[in-house]
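> There's a structure below that I have some questions on.
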Amino acid sequence: MSAPRVPTVIFIGQPNSGKSTLFNSIAGHKAETSNFPGTSIKHTHSRVNIEGRLLDIVDLPGTYSLCTTDPAEQVVLTHLFAERPDLVVNVVDASTLSRGLELTLELVELGYPMVVALNMMDVAERKGIQVDAPAVEKLLGAPVTPTVAAHGRGVKELLERAFEVLNKGQSLRTLRWSGDIEEKVAEVERLLPPGFPVISNPRFTAVKLIETAGHACGDFLGEVEPGLKETVDRVRRAIEERRGAPAYEVISAERHHQAMKLFEETSRVLHGKRMTWDKKVDAVLMHPVLGYVILAAVFLAFFFIIFKVGSPLESLLLGPFNKLKEVLAARLGGGLLFFLAEGLIQGVGGGVAIVLPYFLPLLFLMSALEDLGYLARAGFLLDAFMHRIGLHGKSVSPFILGFGCNVPAIVSTRILESQRDRVLTSILIPFIPCSARTTIVLALVAFYLGPLWAMGFYAANILVVAVVGWVISRFMKEPSPGLILEIPSLKAPRLVSILRKTWLQVYSFVKFAWPLLIGGSLVLSLLSYFRADRWINDILAPLVVKGLGLPHELGVTLVFGFLRKELSLIMMLQALGVDYQNLLTAISREQIIVFTVFISFFIPCLSTFVILWKEIGKKWAFVSAGLSVGVALILSWTVRLVL
Amino acid sequence: MNLVNAPHNTPLRIADLVGGEGVRRRLMALGFHKGDIVELDGQAIFRGPLLVRSCRSDTTIAIGRGVAQKVIVELVHERS
């Protein structure tokens with residue numbers, strides 16, 4: 001054949017197995033990381049060159065099993081079943097080996113060429129678990145390499161084994177279950193009609209047909225013929241009668257016992273029973289009283305750190321831009337050229353000096369909390385409160401992510417099992433002040449009225465989320481399925497990983513938002529040069545001037561706010577024709593608050609709107625937009641009346 | 001006895017998982033099966049969720065009280 005095909009390697013593992021860390025240490029900076037919005041934020045494709053060989057490597061979201069109803073995990077199945085990979089790298093957390101092996105066994109059944117990374121060996125050792133990797137390898141028939149991805153240990157060996165499999169191929173041997181079950185599986189296997197869309201091998205396909213009862217992976221098996229469906233149903237009933245439990249449960253139990261047996265044969269647990277440090281820390285973090293004190297402290301610290309880092313940085317960075325503008329004003333006079341130059345400086349300066357100083361520490365702290373594993377703990381602590389607004393603790397992590405950016409937060413609602421919870425959480429997320437709005441709040445409210453006002457603003461905002469949630473949940477009565485949430489072991493966050501995450505987000509912000517900020521600024525300059533901004537302002541005047549009591553010039557900034565919230569801030573300065581430091585000469589403190597309230601709520605930004613549409617449908621996206629406008633109007637009127 | 005009224009910090013054997021298929025599948029995917037030994041490690045205030053640890057794989061999950069009621073357990077008497 002002609003050009004050699006680039007082999008596809010898929011990384012798969014249970015959540016928190018360190019899969020992405022391993023992926024990143026392989027993909028590293030050599031890879032062009034691109035996020036595919038809408039599939040999963042964690043679903044990353046990279047083409048890497050390892051010692052002269054090209055590989056397409058794919059990092060999939062974590063999944064507990066290959067039989068799932070969870071939409072985030074179904075992405076994994078689509079990839080695994082529809083795009084047959086050349087190699088599967090199964091990442092297993094050695095410290096929770098007996099559970100991790102259940103997925104491994106399922107992958108062995110699937111039968112694609114596979115290597116196993118026995119990851120987090122250091123954590124396992126600390127817990128007193130000794131795993132004999134060669135023994136696991138012998139029993140599974142697939143290469144098993146111990147790794148500590150966080151320190152890059154074992155990665156080279158893993159790659160060597162992977163190339164070995166890619167070169168020579170591999171034949172896995174599936175471990176057999178109890179005779180009676182195998183018999184039933186073989187029965188379905190025999191009756192698969194010719195031309196049936198077999199996934200990998202007939203046995204795996206038969207097992208999945210029995211296990212799924214027509215949902216989850218059932219979709220990938222296509223339309224099941226009536227004759228076959230009858231066979232599958234009969235087999236399922238036969239298993240149920242013999243074992244006294246549903247077929248899916250029997251098969252899951254078979255795998256569970258195989259995994260436990262494998263674990264026992266290959267590992268030794270030294271019962272020291274000493275409390276490890278993470279258990280001690282966890283006892284405090286999830287303590288009925290201390291846990292909440294810490295949670296509150298974490299949030300307070302969060303905002304104070306961002307403000308304390310952001311505001312001096314902002315003043316520092318703004319200086320040169322203002323100087324530049326003065327110089328240009330003196331040189332260029334009042335012509336079109338000056339307007340364009342001013343727009344350019346306003347846009348660049350806004351992006352660099354006003355937005356970035358707050359954005360950077362926020363993203364850094366968010367990544368740290370995420371890596372530490374604190375989000376799940378917050379979910380545990382806040383579950384009872386979430387019940388008041390018709391949700392449960394699993395929605396806490398999307399909400400917290402929402403403080404960073406609403407878009408990935410809405411995508412992450414896929415971890416929720418029920419459609420109702422997903423819709424409700426997704427509708428509430430746009431009310432969470434994202435980093436763009438935090439920037440506005442800190443740059444306007446905190447800077448001009450003091451940090452306490454900003455804190456008050458946040459408290460009020462969270463109250464709004466609660467009230468809106470409570471109201472909507474009155475209309476969505478279906479019961480929520482209740483909380484089942486893994487609490488992953490705490491991990492000391494690693495600076496490299498946090499910095500990488502922060503960098504990736506800053507990079508995508510710079511790439512996506514700066515052109516908009518600068519473009520928006522230039523457009524506004526042109527509009528005001530040709531005096532066209534007046535029309536927009538005139539149209540919006542009834543709302544802006546009469547309704548909100550704001551200066552006439554601010555109408556046009558609302559339009560830009562729909563594109564990106566922080567645009568409104570930059571546009572506001574330009575529209576009012578003042579420097580950031582002299583803002584109070586053009587607008588009063590009360591007006592600043594009204595403006596901030598309205599801008600924060602009045603509509604989800606364009607990207608949020610698009611992702612809402614994509615994730616929960618057009619209807620709900622418009623409901624969300626309508627709700628936002630309603631809430632923004634009510635709140636800003638109230639604020640105006642009160643102040 | 002179910003997990004809501006079971007004692008804390010004591011080994012318990014899962015005698016049965018009752019309730020809907022969705023809940024059972026989810027629990028099994030997370031490594032909680034009939035016959036497994038688990039321990040209650042803590043609970044949140046205001047009738048919040050319970051922390052359940054699987055003694056075998058040493059994994060911990062938080063489960064709401066509604067789910068906990070569907071996990072039937074018995075005390076493990078023999079010493080391990």
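We label chains A, B, ... in the order they appear in the structure tokens, count residues from 1 in each chain, and number ligands from 1 in the order shown.
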Would you list which chain B residues are within 12 Å of chain A using only C-alpha atoms, as a ChimeraX atom specification?
/B:16-36,41-70,80
> May I have the selected residues written with C-alpha atoms, as an mmCIF file, in the first residue's frame?

data_model
loop_
_atom_site.group_PDB
_atom_site.id
_atom_site.type_symbol
_atom_site.label_atom_id
_atom_site.label_comp_id
_atom_site.auth_asym_id
_atom_site.auth_seq_id
_atom_site.Cartn_x
_atom_site.Cartn_y
_atom_site.Cartn_z
ATOM 1 C CA ASP B 16 -28.788 -6.777 48.867
ATOM 2 C CA LEU B 17 -29.130 -3.840 46.534
ATOM 3 C CA VAL B 18 -32.761 -2.936 46.103
ATOM 4 C CA GLY B 19 -34.265 -0.079 44.139
ATOM 5 C CA GLY B 20 -34.221 0.831 40.477
ATOM 6 C CA GLU B 21 -31.963 -0.556 37.816
ATOM 7 C CA GLY B 22 -30.239 2.787 37.295
ATOM 8 C CA VAL B 23 -29.118 3.046 40.907
ATOM 9 C CA ARG B 24 -27.992 -0.586 41.046
ATOM 10 C CA ARG B 25 -26.018 -0.344 37.828
ATOM 11 C CA ARG B 26 -24.345 2.821 39.067
ATOM 12 C CA LEU B 27 -23.396 1.283 42.399
ATOM 13 C CA MET B 28 -22.023 -1.826 40.710
ATOM 14 C CA ALA B 29 -20.017 0.227 38.218
ATOM 15 C CA LEU B 30 -18.429 1.980 41.178
ATOM 16 C CA GLY B 31 -17.444 -1.390 42.586
ATOM 17 C CA PHE B 32 -20.212 -1.975 45.138
ATOM 18 C CA HIS B 33 -21.738 -5.436 44.795
ATOM 19 C CA LYS B 34 -23.779 -7.811 46.864
ATOM 20 C CA GLY B 35 -21.489 -9.603 49.301
ATOM 21 C CA ASP B 36 -18.882 -6.824 49.520
ATOM 22 C CA ASP B 41 -16.915 6.665 57.298
ATOM 23 C CA GLY B 42 -18.948 9.753 57.956
ATOM 24 C CA GLN B 43 -21.928 11.862 57.094
ATOM 25 C CA ALA B 44 -22.792 15.446 56.297
ATOM 26 C CA ILE B 45 -25.050 17.610 58.414
ATOM 27 C CA PHE B 46 -28.734 18.344 57.728
ATOM 28 C CA ARG B 47 -29.501 14.798 56.645
ATOM 29 C CA GLY B 48 -26.786 15.076 54.039
ATOM 30 C CA PRO B 49 -25.065 12.190 52.276
ATOM 31 C CA LEU B 50 -23.131 9.309 53.824
ATOM 32 C CA LEU B 51 -19.551 8.343 53.097
ATOM 33 C CA VAL B 52 -19.248 4.654 52.246
ATOM 34 C CA ARG B 53 -15.873 2.975 51.847
ATOM 35 C CA SER B 54 -15.384 -0.348 50.123
ATOM 36 C CA CYS B 55 -12.906 -2.246 52.287
ATOM 37 C CA ARG B 56 -11.558 -4.281 49.391
ATOM 38 C CA SER B 57 -10.677 -1.634 46.853
ATOM 39 C CA ASP B 58 -10.394 1.171 49.421
ATOM 40 C CA THR B 59 -12.559 3.509 47.367
ATOM 41 C CA THR B 60 -14.980 5.932 48.951
ATOM 42 C CA ILE B 61 -18.253 7.187 47.570
ATOM 43 C CA ALA B 62 -20.748 9.702 48.888
ATOM 44 C CA ILE B 63 -24.332 8.535 48.595
ATOM 45 C CA GLY B 64 -27.524 10.397 49.344
ATOM 46 C CA ARG B 65 -29.896 9.032 51.937
ATOM 47 C CA GLY B 66 -32.396 7.939 49.326
ATOM 48 C CA VAL B 67 -29.761 5.712 47.767
ATOM 49 C CA ALA B 68 -28.444 4.558 51.151
ATOM 50 C CA GLN B 69 -31.875 3.234 52.035
ATOM 51 C CA LYS B 70 -31.624 0.913 49.062
ATOM 52 C CA SER B 80 -10.821 -10.762 58.976
#
> Enumerate as a PyMOL selection string all residues of stretch 273-372 of chain A assigned to alpha helix (DSSP H) by DSSP on the backbone, naming them with the chain letters and numbers the document uses.
chain A and resi 277-285+290-332+336-349+356-372
> Between atom CA of A:Arg203 and atom CA of A:Glu240, what is the distance, to one decimal in Å?
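A separation of 19.5 Å between them.
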> Could you pull out the strand (DSSP E or B) residues of stretch 12-76 of chain B, going by DSSP on the backbone, and write them as an mmCIF file with C-alpha atoms, in the first residue's frame?

data_model
loop_
_atom_site.group_PDB
_atom_site.id
_atom_site.type_symbol
_atom_site.label_atom_id
_atom_site.label_comp_id
_atom_site.auth_asym_id
_atom_site.auth_seq_id
_atom_site.Cartn_x
_atom_site.Cartn_y
_atom_site.Cartn_z
ATOM 1 C CA LEU B 12 -20.785 -4.310 57.080
ATOM 2 C CA ARG B 13 -21.637 -6.812 54.391
ATOM 3 C CA ILE B 14 -23.919 -5.728 51.547
ATOM 4 C CA ALA B 15 -26.792 -8.204 51.716
ATOM 5 C CA ASP B 16 -28.788 -6.777 48.867
ATOM 6 C CA LEU B 17 -29.130 -3.840 46.534
ATOM 7 C CA ILE B 37 -17.630 -5.520 52.835
ATOM 8 C CA VAL B 38 -18.088 -1.798 53.351
ATOM 9 C CA GLU B 39 -17.729 0.695 56.162
ATOM 10 C CA LEU B 40 -19.514 3.942 56.920
ATOM 11 C CA ASP B 41 -16.915 6.665 57.298
ATOM 12 C CA GLY B 42 -18.948 9.753 57.956
ATOM 13 C CA GLN B 43 -21.928 11.862 57.094
ATOM 14 C CA LEU B 50 -23.131 9.309 53.824
ATOM 15 C CA LEU B 51 -19.551 8.343 53.097
ATOM 16 C CA VAL B 52 -19.248 4.654 52.246
ATOM 17 C CA ARG B 53 -15.873 2.975 51.847
ATOM 18 C CA SER B 54 -15.384 -0.348 50.123
ATOM 19 C CA THR B 59 -12.559 3.509 47.367
ATOM 20 C CA THR B 60 -14.980 5.932 48.951
ATOM 21 C CA ILE B 61 -18.253 7.187 47.570
ATOM 22 C CA ALA B 62 -20.748 9.702 48.888
ATOM 23 C CA ILE B 63 -24.332 8.535 48.595
ATOM 24 C CA VAL B 71 -28.405 -0.688 50.270
ATOM 25 C CA ILE B 72 -29.321 -3.482 52.676
ATOM 26 C CA VAL B 73 -26.443 -4.483 54.944
ATOM 27 C CA GLU B 74 -25.680 -6.866 57.807
ATOM 28 C CA LEU B 75 -22.986 -6.801 60.445
#
> Determine, counting only C-alpha atoms, which protein, DNA and RNA residues have an atom within 12 Å of an atom of A:Lys156; residues of the same chain fewer than 3 positions away are not included. Present the result as a list of chain:residue names.
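My reading of the contact set: A:Leu22, A:Ser25, A:Ile26, A:Ile50, A:Glu51, A:Ala117, A:Thr145, A:Pro146, A:Thr147, A:Val148, A:Ala149, A:His151, A:Gly152, A:Arg153, A:Leu159, A:Glu160, A:Arg161, A:Ala162, A:Phe163.
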> Export, as a short mmCIF file (atom, residue, chain, number, x, y, z; two decimals), in the first residue's frame, the selected residues with N, CA and C atoms.

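The file below, result01.cif, is the result:
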data_model
loop_
_atom_site.label_atom_id
_atom_site.label_comp_id
_atom_site.auth_asym_id
_atom_site.auth_seq_id
_atom_site.Cartn_x
_atom_site.Cartn_y
_atom_site.Cartn_z
N LEU A 22 -0.98 11.00 32.61
CA LEU A 22 -0.13 10.13 31.80
C LEU A 22 -0.16 10.59 30.34
N SER A 25 1.90 13.64 29.91
CA SER A 25 3.34 13.44 29.99
C SER A 25 3.86 12.79 28.71
N ILE A 26 2.97 12.11 27.98
CA ILE A 26 3.38 11.56 26.69
C ILE A 26 3.19 12.60 25.58
N ILE A 50 7.05 10.00 18.52
CA ILE A 50 7.88 9.40 19.55
C ILE A 50 8.98 8.61 18.88
N GLU A 51 10.17 9.09 19.07
CA GLU A 51 11.35 8.47 18.46
C GLU A 51 11.11 8.12 16.99
N ALA A 117 -1.30 0.33 32.01
CA ALA A 117 -0.42 1.14 32.84
C ALA A 117 -0.92 1.04 34.27
N THR A 145 2.67 -2.44 32.83
CA THR A 145 3.84 -1.68 33.24
C THR A 145 3.48 -0.79 34.43
N PRO A 146 4.24 -0.89 35.53
CA PRO A 146 4.00 0.03 36.64
C PRO A 146 4.43 1.43 36.26
N THR A 147 3.62 2.42 36.57
CA THR A 147 3.98 3.81 36.26
C THR A 147 3.63 4.72 37.43
N VAL A 148 4.33 5.84 37.49
CA VAL A 148 3.89 6.96 38.33
C VAL A 148 3.87 8.14 37.39
N ALA A 149 2.72 8.36 36.76
CA ALA A 149 2.63 9.35 35.69
C ALA A 149 3.01 10.74 36.17
N HIS A 151 5.25 11.68 38.10
CA HIS A 151 6.69 11.93 38.08
C HIS A 151 7.34 11.39 36.80
N GLY A 152 6.52 10.98 35.86
CA GLY A 152 7.05 10.48 34.60
C GLY A 152 7.73 9.11 34.72
N ARG A 153 7.50 8.41 35.83
CA ARG A 153 8.17 7.12 36.01
C ARG A 153 7.46 6.03 35.23
N LEU A 159 5.75 2.95 26.75
CA LEU A 159 5.76 3.22 25.31
C LEU A 159 6.45 2.09 24.56
N GLU A 160 7.54 1.57 25.14
CA GLU A 160 8.24 0.46 24.49
C GLU A 160 7.32 -0.74 24.32
N ARG A 161 6.59 -1.05 25.40
CA ARG A 161 5.66 -2.18 25.33
C ARG A 161 4.56 -1.91 24.31
N ALA A 162 4.13 -0.64 24.26
CA ALA A 162 3.07 -0.28 23.33
C ALA A 162 3.52 -0.50 21.88
N PHE A 163 4.75 -0.08 21.58
CA PHE A 163 5.26 -0.27 20.22
C PHE A 163 5.42 -1.75 19.89
#
> Could you tell me how far atom CA of A:Ile210 lies from atom CA of A:Val250, in Å and to one decimal?
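Interatomic distance here is 10.6 Å.
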> Give me, as a list in words, all polymer residues having an atom no more than 10 Å from A:Arg242, counting only C-alpha atoms and skipping those fewer than 5 positions away in the same chain.
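Returned residues: Asp180, Ile181, Arg237 and Ala247 of chain A.
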> Go ahead and save the picked residues with C-alpha atoms, as a PDB file, in the first residue's frame.

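Okay, out.pdb is ready:
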ATOM      1  CA  ASP A 180     -23.814 -21.837  33.036  1.00  0.00           C
ATOM      2  CA  ILE A 181     -23.302 -18.188  32.076  1.00  0.00           C
ATOM      3  CA  ARG A 237     -34.794 -14.607  31.588  1.00  0.00           C
ATOM      4  CA  ALA A 247     -28.720 -10.787  33.996  1.00  0.00           C
TER       5      ALA A 247
END
> Give the answer as one residue: which of A:Pro320, A:Phe359, A:Arg474, A:Ser600 has the shortest atom-to-atom distance to A:Tyr458, using only C-alpha atoms?
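Of all the options, A:Ser600 lies closest to A:Tyr458.
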> Which value, in Å to one decimal, gives the distance between atom CA of A:Pro604 and atom CA of A:Phe403?
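Taking atom CA of A:Pro604 as the start and atom CA of A:Phe403 as the end point, the length is 13.6 Å.
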